[in-house]
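K.L.:
Dropping in my_file-v6.cif, which is mmCIF, C-alpha atoms:
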```cif
data_data
#
loop_
_atom_site.label_atom_id
_atom_site.label_comp_id
_atom_site.auth_asym_id
_atom_site.auth_seq_id
_atom_site.Cartn_x
_atom_site.Cartn_y
_atom_site.Cartn_z
CA VAL B 1 -12.72 -3.06 4.42
CA PRO B 2 -9.59 -4.80 3.11
CA PHE B 3 -9.77 -8.59 2.92
CA PHE B 4 -6.39 -10.31 3.16
CA TRP B 5 -6.52 -13.86 1.80
CA HIS B 6 -4.21 -15.79 4.10
CA ILE B 7 -2.77 -18.70 2.19
CA PRO B 8 -0.97 -20.92 4.72
CA ARG B 9 2.84 -20.97 4.68
CA THR B 10 3.13 -17.78 2.58
CA GLY B 11 3.91 -15.17 5.23
CA GLY B 12 0.32 -14.42 6.23
CA ALA B 13 1.11 -14.50 9.96
CA THR B 14 3.85 -11.94 9.36
CA MET B 15 1.40 -9.73 7.45
CA ALA B 16 -1.17 -10.00 10.25
CA GLN B 17 1.52 -9.10 12.77
CA ALA B 18 2.44 -6.04 10.68
CA PHE B 19 -1.20 -4.97 10.41
CA GLY B 20 -1.73 -5.29 14.15
CA GLU B 21 1.57 -4.30 15.71
CA CYS B 22 3.05 -1.85 13.20
CA LEU B 23 -0.08 -0.23 11.81
CA GLY B 24 -2.24 -0.53 14.95
CA LEU B 25 -5.22 -1.96 13.05
CA THR B 26 -8.03 -3.99 14.57
CA LEU B 27 -8.21 -7.41 12.94
CA ALA B 28 -10.93 -9.95 12.30
CA SER B 29 -8.82 -12.99 11.68
CA SER B 30 -8.35 -16.72 11.77
CA ALA B 31 -6.32 -18.56 14.35
CA ALA B 32 -3.86 -19.48 11.59
CA SER B 33 -2.77 -15.86 11.26
CA ILE B 34 -1.10 -16.02 14.69
CA PRO B 35 2.46 -17.33 14.94
CA SER B 36 2.33 -20.88 16.28
CA SER B 37 4.68 -20.00 19.13
CA SER B 38 1.99 -17.89 20.85
CA ARG B 39 -1.12 -19.99 20.21
CA SER B 40 -1.18 -21.57 23.66
CA THR B 41 -1.46 -18.30 25.58
CA THR B 42 -4.60 -17.27 27.43
CA SER B 43 -5.09 -14.14 25.31
CA PHE B 44 -5.02 -16.27 22.15
CA GLN B 45 -7.62 -18.65 23.60
CA ASN B 46 -9.85 -15.67 24.57
CA VAL B 47 -9.76 -14.13 21.11
CA PHE B 48 -10.31 -17.20 18.98
CA TYR B 49 -12.12 -19.66 21.19
CA GLY B 50 -13.74 -17.63 24.00
CA THR B 51 -12.70 -20.30 26.45
CA THR B 52 -12.41 -18.18 29.59
CA ASN B 53 -15.39 -15.86 29.17
CA LYS B 54 -18.75 -17.05 27.83
CA MET B 55 -19.87 -13.44 27.26
CA ASN B 56 -17.09 -13.10 24.67
CA GLN B 57 -18.93 -15.67 22.56
CA GLN B 58 -22.23 -13.76 22.54
CA SER B 59 -21.09 -10.25 21.69
CA LEU B 60 -18.40 -8.55 19.67
CA VAL B 61 -15.45 -7.58 21.85
CA VAL B 62 -12.03 -6.16 20.97
CA LEU B 63 -9.35 -8.14 22.75
CA ARG B 64 -5.58 -7.81 22.86
CA HIS B 65 -3.22 -10.62 21.99
CA GLU B 66 0.38 -9.58 22.44
CA GLU B 67 0.66 -6.17 20.69
CA SER B 68 -2.34 -6.54 18.36
CA LYS B 69 -6.09 -5.93 18.67
CA TYR B 70 -8.54 -8.58 17.46
CA VAL B 71 -12.29 -8.93 17.49
CA ASN B 72 -13.34 -12.21 19.05
CA VAL B 73 -14.16 -14.19 15.92
CA ASN B 74 -12.29 -17.01 14.19
CA LEU B 75 -12.55 -16.60 10.43
CA GLY B 76 -10.70 -19.87 9.85
CA THR B 77 -13.87 -21.95 10.22
CA ASP B 78 -17.28 -21.83 8.57
CA ASP B 79 -18.93 -21.56 12.00
CA GLY B 80 -16.66 -18.65 12.88
CA ILE B 81 -17.51 -16.86 9.62
CA LEU B 82 -21.24 -17.37 10.25
CA ARG B 83 -20.81 -16.05 13.80
CA ALA B 84 -18.98 -12.99 12.46
CA LYS B 85 -21.88 -12.36 10.08
CA GLU B 86 -24.40 -12.71 12.93
CA LEU B 87 -22.37 -10.22 15.01
CA GLN B 88 -22.30 -7.88 11.99
CA ILE B 89 -18.59 -7.20 12.36
CA LEU B 90 -18.49 -5.12 9.18
CA GLN B 91 -21.21 -2.76 10.41
CA GLN B 92 -19.98 -2.21 14.00
CA LYS B 93 -18.50 1.21 14.76
CA ASP B 94 -15.62 2.06 17.08
CA GLU B 95 -16.14 3.62 20.52
CA ASN B 96 -16.36 7.11 18.99
CA ASN B 97 -18.94 5.88 16.48
CA GLU B 98 -16.80 7.35 13.69
CA HIS B 99 -15.14 4.43 11.95
CA ILE B 100 -15.85 0.77 11.30
CA LEU B 101 -14.47 -1.27 14.20
CA VAL B 102 -12.70 -3.86 12.04
CA ASN B 103 -9.91 -2.47 9.88
CA VAL B 104 -8.80 -5.68 8.13
CA VAL B 105 -10.44 -9.07 7.56
CA ILE B 106 -8.00 -12.00 7.35
CA SER B 107 -9.11 -15.49 6.38
CA PRO B 108 -7.86 -18.55 4.49
CA SER B 109 -11.44 -19.22 3.33
CA VAL B 110 -11.71 -16.73 0.49
CA TYR B 111 -14.93 -18.09 -1.02
CA THR B 112 -16.87 -18.61 2.22
CA THR B 113 -15.75 -15.31 3.73
CA SER B 114 -16.62 -13.29 0.64
CA LYS B 115 -19.91 -15.11 0.06
CA ILE B 116 -21.14 -14.90 3.66
CA LEU B 117 -19.39 -12.03 5.43
CA PHE B 118 -19.46 -9.53 2.57
CA ALA B 119 -23.00 -10.45 1.43
CA PRO B 120 -25.91 -8.03 1.99
CA SER B 121 -27.77 -8.44 5.26
CA GLU B 122 -31.16 -10.18 5.30
CA LYS B 123 -32.50 -7.14 7.16
CA MET B 124 -31.90 -4.99 4.10
CA THR B 125 -35.04 -3.38 2.66
CA ALA B 126 -35.65 -0.76 -0.02
CA SER B 127 -36.15 1.88 2.66
CA ASN B 128 -33.19 0.67 4.75
CA PRO B 129 -30.35 -0.40 2.43
CA VAL B 130 -27.81 -1.55 5.03
CA LEU B 131 -24.97 -2.89 2.93
CA PRO B 132 -21.67 -4.09 4.32
CA PRO B 133 -18.59 -2.28 3.10
CA LYS B 134 -17.18 -3.69 -0.11
CA GLY B 135 -14.13 -5.86 0.46
CA GLN B 136 -10.89 -5.29 -1.38
CA LEU B 137 -9.08 -8.59 -1.75
CA PHE B 138 -5.31 -8.62 -1.59
#
```
Can you give me the file's structure in the form of structure tokens?
P.N.:
Amino acid sequence: VPFFWHIPRTGGATMAQAFGECLGLTLASSAASIPSSSRSTTSFQNVFYGTTNKMNQQSLVVLRHEESKYVNVNLGTDDGILRAKELQILQQKDENNEHILVNVVISPSVYTTSKILFAPSEKMTASNPVLPPKGQLF
């Protein structure tokens, strides 16, 4: 799973827009990767803050914001990264059970995201080695 390190004010929102709109990828992202002009919309609030639907906070859901697909996590905060780990976003499969649901991880928190989200699961045993996909940082 590619991990895009979003450094603020360096074109990261444009990259996220290209991943979502042009390439049709499903993103696990931070709120900062959305252009500021569209952060007040209801779809933005649903994706990153779960404000209109409490169920969105308890399970992993793919939501649309403008022309892009996002999973309902906010990787811009430590709590959001921990929640993404609890929801096992890197192990979830798409509706056909063929591919990993999340195509790109985008976060400004390179250390916390790599240390928590890409770390082996606590449920891993010798007989059940469930490892998350290795991230490729770019």
K.L.:
Segment 93-99 of chain B: which residues within 12 Å, counting only C-alpha atoms, same-chain residues fewer than 2 positions away excluded, as a tab-separated table (two decimals) with C-alpha atoms, keeping the file's coordinate frame?
P.N.:
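What follows is the written file selection13.tsv:
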```tsv
chain	number	residue	atom	x	y	z
B	1	VAL	CA	-12.72	-3.06	4.42
B	25	LEU	CA	-5.22	-1.96	13.05
B	26	THR	CA	-8.03	-3.99	14.57
B	60	LEU	CA	-18.40	-8.55	19.67
B	61	VAL	CA	-15.45	-7.58	21.85
B	62	VAL	CA	-12.03	-6.16	20.97
B	71	VAL	CA	-12.29	-8.93	17.49
B	88	GLN	CA	-22.30	-7.88	11.99
B	89	ILE	CA	-18.59	-7.20	12.36
B	90	LEU	CA	-18.49	-5.12	9.18
B	91	GLN	CA	-21.21	-2.76	10.41
B	101	LEU	CA	-14.47	-1.27	14.20
B	102	VAL	CA	-12.70	-3.86	12.04
B	103	ASN	CA	-9.91	-2.47	9.88
B	133	PRO	CA	-18.59	-2.28	3.10
```
K.L.:
How far is it from atom CA of Phe3 of chain B to atom CA of Ser107 of chain B, in Å with one decimal?
P.N.:
7.7 Å
K.L.:
Please identify all polymer residues lying at most 9 Å from the point (-5.0, -8.6, 19.0) (file coordinates), using all atoms listed in the file, and present the result as an NGL selection string.
P.N.:
:B and (20-21 or 25-27 or 43-44 or 47 or 62-71)
K.L.:
As an exercise, work out the distance from atom CA of Gln58 of chain B to atom CA of Val110 of chain B in Å and give it to one decimal place.
P.N.:
24.6 Å
K.L.:
Any chance you could resolve the PyMOL selection byres ((chain B and resi 74-81) around 7) against this file and give the residues as a PyMOL selection string?
P.N.:
chain B and resi 29-31+48+72-73+82-85+107-109+113+117
K.L.:
Could you tell me how far atom CA of Ile106 of chain B lies from atom CA of Gly12 of chain B, in Å and to one decimal?
P.N.:
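Answer for the atom CA of Ile106 of chain B to atom CA of Gly12 of chain B separation: 8.7 Å.
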K.L.:
Any chance you could work out the axis-aligned box around segment 101-105 of chain B, listed atoms only, 8 Å on each side, giving centre and edge lengths in Å to one decimal, as JSON?
P.N.:
```
{"center_x": -11.6, "center_y": -5.2, "center_z": 10.9, "size_x": 21.7, "size_y": 23.8, "size_z": 22.6}
```
K.L.:
Using only C-alpha atoms, which of B:Ala28, B:Ala13, B:Cys22, B:Ile7 sits nearest Val104 of chain B?
P.N.:
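Smallest distance to Val104 of chain B is found for B:Ala28.
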